[in-house]
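Q: After the structure tokens below, expect a handful of questions from me.
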Amino acid sequence: MAECHPVAYQWVTEARLKGATVIHIDPRFTRTSATADRHVPIRAGSDVVLLGALINYILSNDLYFKEYVVAYTNAATLVNEDFRDTEDLGGLFSGYDDELGNYDLTSWAYATKEGNGKIDDAQEAAEPHGHQQSEKSAGHRYGSGGPPLEHAEVLRDETLQHPRTVFQILKRHYARYTPEMVTEACGISAEDFDYVARAVTRNSGRERTTAFVYAVGWTQHTLGAQFIRTSAIVQLLLGNMGRPGGGIMAMRGHASIQGSTDIPTLYNILPGYLAMPVAGRHDTWDDYIGAIGSKRQKGFWANADTYAVSLLRAWWGKAATAENDWAFDYLPRLSGAHGTYQTTMAMLEDVVEGYFLLGQNPAVGSAHGRMQRQGLSHLKWLVVRDLNMIESATFWKDSPEIATGELRTEDIETEVFFLPAASHVEKAGTFTQTHRMLQWRHQAVQPPGDCRSELHFFHELGVRLRERLAGSTDERDRPLLDLTWDYPLDEHGEIDGEAVLKEINGYHVSGDKAGQLLDSYTEMRADGSTSGGCWIYTGVFGGGVNHAANRKPGREQSPTALEWGWAWPSNRRILYNRASADPEGRPWSERKRYVWWDEESSRWVGEDVPDFPADKAPSYRPEPGVGGPAGLAGDDPFIMQADGKGWLFAPKGMLDGPLPTHYEPQESPVRNPLYAQQSNPARKVFPRKDNLWSPSAGEPGADVYPFVFTTYRLTEHHTAGGMSRWLPYLAELQPEFFCEVSPELAEERGLENGGWATIVSARTAVEARVLVTERMTPLVIGGRTVHQIGLPYHWGVGREAVVSGDAANDLLGVALDPNVQIQESKAGSCDIVPGRRPRGEDLLRLVAEYQSRAGTTTMTGNELRTGQPDSTPDHTGD
Amino acid sequence: MSFWRNQLSGPTDPAVDAAWQDARPRKGFFTDTSICIGCKACEVACKEWNGVPEDGLDLLGQSYDNTGALGASTWRHVAFVEQTSERIEQARESGRRLVELGMPALRTRDDTSESPSSLPAGGAPPGPSDQGVPDVRWLMASDVCKHCTHAACLDVCPTGALFRTEFGTVVVQDDVCNGCGYCVAACPFGVIERRSGTEGHEKGRQSHGISIGGAGSDGSHQNAPAYAATNGEVKNVGIAQKCTLCYDRLRDDQTPACAQACPTTSIKFGDLEEMRDTARARVAELHQLGHTEARLYGTDEGDGVGGTGSVFLLLDEPEVYGLPPDPRVTTADLPDMFRKAGYAGLAMLGMAAAAFVGRRHP
């Protein structure tokens, strides 16, 4: 966090000065470790073992927060009789489909009164499992709550003794995640584990709370989503959710990454985490609405229809009517997975003809840089909007593939349009940061020369496309022609960003309040009387005031600082904060009081905007069968979950298991010490000649790539360098690509500090300067020393930047998590040798020689079921 | 005589000594290295505000430090020092001896000013007991001009280009400096330097003349010099350059750029008296928590430069950070030299007289 988020780290520094303990768990010793109470080195990709052992420690020692766990989580809920755990099936859950290579989630469902969790046909139709869902990347759409359930009638045993309660299942699932297993799998000593476990559990409970902070070291794995789930289980067991000082904080990689999922740049969701309709499944409006939020489930997702209609009204205005289902058919339908990597492979197949890159430099920043650049070379046109002439705009003349002869400039037909972009000080707008807080940026100066803002670019693109299509009678042009595209412009031709934010906030479009801005998403209606571009943002312009621009200094207001910026939803600073009070509505402790039930006013009050129906008494119990917000009991704090409870066990929503389970990375020099199943059986693999993997431990040839490498960022640079390598003041601080190795590895391989090394993976080889440092710790895993090599990924090969160098991401292959299609880029296998890499074709020969020695083929590493070659998906591409 | 003594060594108010009639309270930095995260925001903010050019694009192979040292084009420098347990033990031991000598902490004026607090780098937590010595620690410290009470650079400057400001700081007037370089040799900290390179564009390949170990014959420089997209021209070539403690910002009651940018308040700025008090309180606090390796640098007004305007809390001996253990301004020895010269002169006169006397009595 100090390394990549130094500005946010000031609060950690402040907490430490007040006595907080900070523990840093990371393969390398970073600037965070330097100022933490303890650094615990871990083998990259083994985190579920550590966190699972923490769960086991909490459960075995009765250290969980009992009242919280019973009342607020699904610990007491009974699971379907058909469910089988990984302990019973050698590392797989029940429902694995060998044909499709993924899970049917049916057996993971909650048990119901009617029988055993047989999900009825309507739901089956609305939310099929397995292959299709996986392809459409189901997980990410739950960014503002859990997945829908058909209803909320569950069976509970609040003694937690029933063997099919989530609690008992959890206990059995993690029974073998012991401190000894942590030592064996993660390389963490028993003493370090004991320290972590004691620190976390002693600092949790009524009086104290503990927070977890993570970044892509957790997410970028073939079971990345499950890493976060594991910490969610720990935090729910310890009562650290919905309470001040608790939670799980995602450190974002860019200023507005949260904003770009809320109003998404992702293919599978619409603004506000509404699902993108899928061809064949959501063909009608009723299919779609039935699927995104059943009226019979609890909580605010039951009102998803009001959010969806308001969105369509914001986009298509009067053209969206009840008669045409609010122009639902103007929305495209998904026909498969269209993530970054599938798109790249589609470029290679000449399926994708054009590409927009906005502030993104995939030639350097995406996994498997070689595949990225080769993909770009197949495009007909490419638009790059950036501050600088990045490598993704110049690949056709100076990429590493030009040097090796794999690409020839004269053969590349891609037409590249470079459009200089305005920087953040040259345009007004909002950033949404990890706290879900929107903060308004004022424009400081006009952009120089031809630089323009994104707003200007997209508005102008829309204007010109509509001019071209004017008068068209083709049905397919209606969505563009019917768009509301009427934004006020200033004297520089720039759109008024506040007008856009108002459109996102939403209006009353009919009735006596017509023309007024909405104050809350609860005002949204499904009858077309409201509009709103992103329901979770409704209220940012409540009362006609741009609350994102609120700037009251912290010292002039309460510690919650509700008048600084605006956080979705409804300016809440801590989500699910009903959980900060006990079931009766009293604060768990005076020290940690935050939101509580005030008997006198019969309302929830406190330091924050209560995340609960404001007048619903703690004692309230709904009639059975009532859905929506009205179906929430007075002690159901997790109001976006379909049963109002925090999910220790996920009966739905995760495609690779209801409970996180340790699997080894796609390539690993270590055998899975817990199960016969080596890697996530539901991961997405792409057996291709340009995407080879090194053999994992136990397979012939594994010793050819004996070391683990992990990639990361440095304080001095920003991601692929577009914003830092062109600035001399930043470039001079970290001028060259380097690798970090331990003195032991340096000795073993003859590496010299300040000298050169060549790092070879099954994909390519790169060269880096060597930093020999005690900060890298060799780990003993299963009785064998495992060396890790650290590689910052900021440099790329090109001629335009102040500093350049080989790109660490070129070493990576493409294997994805099934939930969100995130690539595995934090753990890979490699070899390292002293000296610079060969030039030209010789580089290809070196890589091929390694591949040949390892005996790697397109089959290697791609068996979904360990030891079953038949489970390798069909070859694609070449 | 005491006025002149104060001008040369020992405690004094340098702005008053410099005859400022409206001298302001002396300003200074307190850099608490125990909470530095090595982000180098100070280096960048300093360059941005003061228009200091880029200073070489070489990887130095010295941990994460590619800046090397303070110089004409580097007015803030973050040192990175990696240590293993043996050295950490030594640092604690040497600190313990200092504490036993009663050096720091005991002069704390206001112990209650700070909330109960914690720990420095690699230290022990208040949670489960962990008083052991860590395997590794990584020290980071942002160095800067010391703005000495008795500033050698200023004293030797023949043109008056260097002057003492009303805030007690020391600043170069670029348009007066003739580039003679006397100040460069005089500074006991190696801070001030004449800017090299060519007027008008960036310097290209150099990094303080520090050689790059192990880089091999062809390979010291992966990066071609940056002629494109630089941050503007190089000015003041040949002129002595160093930190001004953001004199222009001080005159507008603003915080210097480095302190303003520091995310963890490792660099604190304010009245020097207050900075020294804060420093003493902080070191006392760390000692109470068992961190005997913590010590102050530059707070002793009896040292060879009369104490510095930039004070530091260090976690090891000054040499570890590249700081001189016992800096001494050349003028500190002047009274003694004058005295000795005087005695010598007298003695010579005496001898001469004796010689004449002797001659009369052959």
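Chain labels A, B, ... are given in the sequence in which chains occur in the structure tokens; within each chain residues are numbered consecutively from 1, and ligands are likewise numbered from 1 in the order shown.
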Mind checking which residues fall within 10 Å of Asp175 (chain B), counting only C-alpha atoms, ignoring those fewer than 5 positions away in the same chain, and posting them as a ChimeraX atom specification?

A: /B:161,236,239

Q: Taking the DSSP secondary structure from the backbone, can you list the residues of region 73-122 of chain A that are strand (DSSP E or B), as a list of chain:residue names?

A: A:Thr73, A:Thr77, A:Leu78, A:Val79, A:Tyr96, A:Asp97, A:Asn102, A:Tyr103, A:Tyr110, A:Thr112, A:Gly115

Q: For the selection you just gave me, I'd like the residues written to a file as a CSV table (one decimal), in the first residue's frame, keeping N, CA and C atoms.

A:
```csv
chain,number,residue,atom,x,y,z
A,73,THR,N,-25.0,-13.6,9.6
A,73,THR,CA,-24.4,-14.4,8.4
A,73,THR,C,-25.3,-15.6,8.2
A,77,THR,N,-27.8,-21.2,8.2
A,77,THR,CA,-28.6,-21.7,7.1
A,77,THR,C,-28.2,-23.1,6.6
A,78,LEU,N,-29.2,-23.9,6.3
A,78,LEU,CA,-29.0,-25.3,5.9
A,78,LEU,C,-28.8,-25.3,4.4
A,79,VAL,N,-27.8,-26.2,4.0
A,79,VAL,CA,-27.5,-26.3,2.6
A,79,VAL,C,-28.1,-27.6,2.1
A,96,TYR,N,-19.6,-30.9,-10.7
A,96,TYR,CA,-18.6,-30.6,-11.8
A,96,TYR,C,-19.0,-31.4,-13.0
A,97,ASP,N,-19.0,-30.7,-14.1
A,97,ASP,CA,-19.4,-31.3,-15.4
A,97,ASP,C,-18.1,-31.6,-16.2
A,102,ASN,N,-16.9,-27.3,-16.1
A,102,ASN,CA,-17.3,-26.3,-15.2
A,102,ASN,C,-18.4,-26.9,-14.3
A,103,TYR,N,-18.9,-26.1,-13.4
A,103,TYR,CA,-19.8,-26.6,-12.4
A,103,TYR,C,-21.3,-26.3,-12.7
A,110,TYR,N,-29.3,-23.4,-1.0
A,110,TYR,CA,-29.8,-23.6,0.3
A,110,TYR,C,-30.9,-24.7,0.3
A,112,THR,N,-34.5,-26.1,1.2
A,112,THR,CA,-35.8,-25.4,1.4
A,112,THR,C,-36.8,-26.3,2.0
A,115,GLY,N,-38.4,-29.3,0.0
A,115,GLY,CA,-37.6,-30.5,-0.4
A,115,GLY,C,-36.2,-30.0,-0.3
```

Q: Set the distance at 10 Å and use only C-alpha atoms: which residues neighbour region 266-276 of chain B once local chain neighbours fewer than 2 positions away are removed? I'd like the list as a ChimeraX atom specification.

A: /A:10,13 /B:24-38,42,108-109,141-143,167-168,245,255-256,258-264,278-282,296,298-300,308-313

Q: Could you list, as a ChimeraX atom specification, every residue within 6 Å of Val171 (chain B), counting only C-alpha atoms and ignoring same-chain residues fewer than 5 positions away?

A: /B:162-163,244

Q: Give the alpha helix (DSSP H) residues of region 12-61 of chain B, as DSSP finds them on the backbone, and put them as a list of chain:residue names.

A: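 So the alpha helix (DSSP H) residues in region 12-61 of chain B would be B:Pro14, B:Ala15, B:Val16, B:Asp17, B:Ala41, B:Cys42, B:Glu43, B:Val44, B:Ala45, B:Cys46, B:Lys47, B:Glu48, B:Trp49, B:Asn50.
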
Q: If we count only C-alpha atoms, which residues of chain A reach to within 6 Å of chain B? Please list them as a list of chain:residue names.

A: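 Selected residues: A:Val7, A:Gln10, A:Leu17, A:Lys18, A:Gly19, A:Thr21, A:Arg31, A:Ala34, A:Thr35, A:Asp37, A:Ala199, A:Thr715, A:Pro728, A:Tyr729, A:Glu732, A:Leu733, A:Pro735, A:Gly754, A:Gly755, A:Val802, A:Val803.
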
Q: For a test of reading the model, state the distance in Å between CA of Gly179 (chain B) and CA of Cys148 (chain B), rounded to one decimal.

A: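 A separation of 21.1 Å between them.
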
Q: Using only C-alpha atoms, determine which residues lie at most 9 Å from Pro327 (chain B), disregarding the query and same-chain residues fewer than 3 positions distant; provide the list as a PyMOL selection string.

A: chain B and resi 188-189+303-305+323-324

Q: Just the residues within 12 Å of Gly721 (chain A), please, counting only C-alpha atoms, with nothing from its chain fewer than 5 positions along; format it as an NGL selection string.

A: :A and (359-365 or 386-392 or 713-716 or 726-728 or 730-731 or 734-737 or 792-798 or 800-805 or 807)

Q: As a PyMOL selection string, please: the residues near Ala18 (chain B) (cut-off 10 Å, only C-alpha atoms, same-chain neighbours under 2 positions excluded).

A: chain B and resi 7+13-16+20-21+23+163-166+168

Q: Figure out the distance between CA of Val170 (chain B) and CA of Asp22 (chain B), please, to one decimal in Å.

A: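 Computed distance, CA of Asp22 (chain B) to CA of Val170 (chain B), equals 16.4 Å.
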
Q: Can you work out the spacing between CA of Gly497 (chain A) and CA of Ser570 (chain A) in Å, to one decimal?

A: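 Distance reported for this atom pair: 20.6 Å.
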
Q: Between A:Thr430, A:Asn240, A:Thr265, A:Gln161, which is the closest to Tyr72 (chain A) once you count only C-alpha atoms?

A: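 When distances to Tyr72 (chain A) are compared using only C-alpha atoms, the smallest one comes from A:Asn240.
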
Q: Measuring between only C-alpha atoms, which one of A:Leu312, A:Cys534, A:Lys616, A:Phe431 shows the shortest distance to Pro479 (chain A)?

A: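 Nearest to Pro479 (chain A): A:Leu312.
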
Q: Go through A:His492, A:Ile789, A:Leu438, A:Ser761 one by one, measure the shortest atom-to-atom distance of each to Arg551 (chain A) using only C-alpha atoms, and give the residue with the smallest value.

A: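 Residue with the minimum atom-to-atom distance to Arg551 (chain A): A:Leu438.
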